[in-house]
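In what follows, a single structure is set out as structure tokens and then discussed.
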Amino acid sequence: PTTGVLYKEDNYIIMTTVDKEKYKCILPLIASGNEEEEKDYKGPTPGELLEPLFKQSSCSYRIESYWTYEVCHGKHIRQYHEEKETGQKINIQEYYLGNMMMKNPLSEPDQEEKENPKESAKEIPTKNIEGQMTPYYPVELGNGTPCSLRQNLPRSSTVMYICHPEAKHEILSVAEVTTCEYEVVILTPLLCSHPKYRFRASPVNDIFCQSLPGSPLKPHNLEQLEKQQEMMKVPFRRVKEEEMHSTKEEKFSSIHKPLAVGSHQLLTVGTTHISKLTDDQLIKEFLSGSYCFHGGVGWWKYEFCYGKYVHQYHEDKESGKTSVVVGTWSREEHIEWSRKNAARTFYLREDGTQTVRMVSHFYGNGDVCDLTDKPRQVTVKLKCKESDSPHAVTIYMLEPHSCQYILGVESPVICKILDTADEHGLLSVPS
């Protein structure tokens with residue numbers, strides 16, 4: 001390795017194998033330097049680091065099977081459900097889970113930290129996220145919608161901001177910890193410059209060994225072991241489906257990039273960076289169904305071809321590709337569905353005009369479900385999501401009822417076509 005914080009040239013031991021081969025092994029330093037960095041830190045407090053998010057009045061959203069959660073940072077948390085009634089009237093069921101109090105909640109903990117840094121070192125709270133104790137910065141919001149189960153006391157929430165260098169202030173989770181009291185976890189890159197809020201590096205570090213003069217690059221026994229392992233592999237195998245890609249699929253291969261904290265995947269959301277096609281070409285190919293979006297992390301991945309189908313699949317080196325048809329497109333069935341459900345939902349702009357926020361499409365006639373003996377079906381929710389990568393796609397799957405799914409598809413590509421949606425939510429190429 002190159003010498004650096006973890007590896008110093010003079011921190012090594014000489015190892016000798018049974019065959020008298022000698023290797024110089026460079027050891028990592030046990031202390032990673034985090035403690036020193038924390039003591040010396042004199043930068044902005046966590047509240048000051050988060051201030052831009054509060055000043056921008058930006059909001060984060062999370063779509064679940066029934067509720068949508070809206071966190072407007074520094075203002076409020078709202079959960080709501082929209083339903084279209086006869087005559088195009090949209091009925092909104094909503095609750096405020098917390099509103100910002102008059103005093104500034106960012107100032108008090110910061111003030112304590114500046115006045116008594118020794119005390120504050122003990123007090124940084126942590127939360128167990130996927131088995132990893134994660135430091136977070138709490139912001140309390142009270143004065144929400146009255147809770148009938150608690151003598152009309154107002155609902156309240158704690159918003160926990162945690163460091164994630166690649167995040168865009170996503171809502172990781174919303175949980176009701178006790179009746180009408182909530183915990184909301186937000187991933188944000190803003191806290192990552194503060195050493196106390198970073199994730200602790202894993203204590204496991206590599207040991208690098210270099211052969212000394214007169215010794216082979218690799219010990220003889222290691223070479224033998226690697227050869228045996230190679231021979232034990234199956235000498236022949238079937239050609240798997242995943243190896244029979246068309247040239248088009250190869251040309252636009254995707255990289256699944258789940259949001260992760262430390263080494264743990266936290267969201268069943270895959271952000272895929274897609275093709276180098278121009279926006280116009282991509283939109284035309286997407287709307288014709290010839291360019292499909294892929295996403296998801298974990299065991300199941302998802303393929304969505306607009307106006308064609310939604311597939312759920314798992315690829316395995318041993319058994320090839322397992323695929324389930326979640327839903328197939330029928331224009332007539334969707335139009336029938338859209339007469340009873342909201343195919344479009346809107347934002348109200350500040351100037352009073354409306355813009356489409358999301359469109360929903362129905363894909364029925366999937367593979368028959370063992371649990372219900374009925375075909376699977378899925379509602380695809382296409383939503384605009386701004387991103388630094390203009391061709392990023394985020395896909396996630398929910399199953400509110402057995403074999404009845406919701407597929408969330410969010411991308412900057414969708415932002416360009418939402419306003420073309422007709423009354424049934426059907427999209428067209430922008431003029």
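Chain identifiers are assigned as A, B, and so on, following the order in which chains appear in the structure tokens; residues are numbered from 1 within each chain, and ligands are numbered from 1 in order of appearance.
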
Legend entry - alpha helix (DSSP H) call set, DSSP backbone run, range 119-173 of chain A, as a list in words: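 Those in range 119-173 of chain A that DSSP calls alpha helix (DSSP H) are Glu119, Ser120, Ala121, Lys122 and Glu123 of chain A.
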
Inset, instruction - Between CA of Ser193 in chain A and CA of Glu166 in chain A, measure the distance and give it in Å to one decimal. - result: 12.8 Å

Inset, instruction - Would you list the contacts of His401 in chain A as a ChimeraX atom specification, taking every protein, DNA or RNA residue within 12 Å and counting only C-alpha atoms, but skipping same-chain residues closer than 6 positions in sequence? - result: /A:65-66,369,371-372,376-379

Inset, instruction - Take CA of Asp370 in chain A and CA of Cys403 in chain A and report the distance between them in Å, one decimal. - result: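 That distance, rounded to one decimal, is 8.9 Å.
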
Legend entry - Shell of 8 Å around range 158-163 of chain A, only C-alpha atoms, local chain residues under 5 positions omitted, as a VMD selection string: chain A and resid 134 to 141 182 to 192 197 to 199

Inset, instruction - Could you tell me how far CA of Pro412 in chain A lies from CA of Glu83 in chain A, in Å and to one decimal? - result: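 Taking CA of Pro412 in chain A as the start and CA of Glu83 in chain A as the end point, the length is 25.4 Å.
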
Legend entry - Non-local contacts of range 337-354 of chain A (10 Å; only C-alpha atoms; under 6 positions in same chain excluded) as a ChimeraX atom specification: /A:82-86,88-90,331,360-363,379,381-383,418-419,421-426

Inset, instruction - Tell me which protein, DNA and RNA residues are within 7 Å of Cys384 in chain A, counting only C-alpha atoms, leaving out same-chain ones fewer than 6 positions away, and put them as a list in words. - result: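 The contact residues come out as Arg357, Met358, Glu410, Ser411, Pro412, Ile414 and Cys415 of chain A.
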
Inset, instruction - Would you mind listing what lies within 10 Å of Val380 in chain A as a ChimeraX atom specification, with only C-alpha atoms counted and same-chain residues fewer than 6 positions away left out? - result: /A:304,306,310,327,359-363,397,405-409
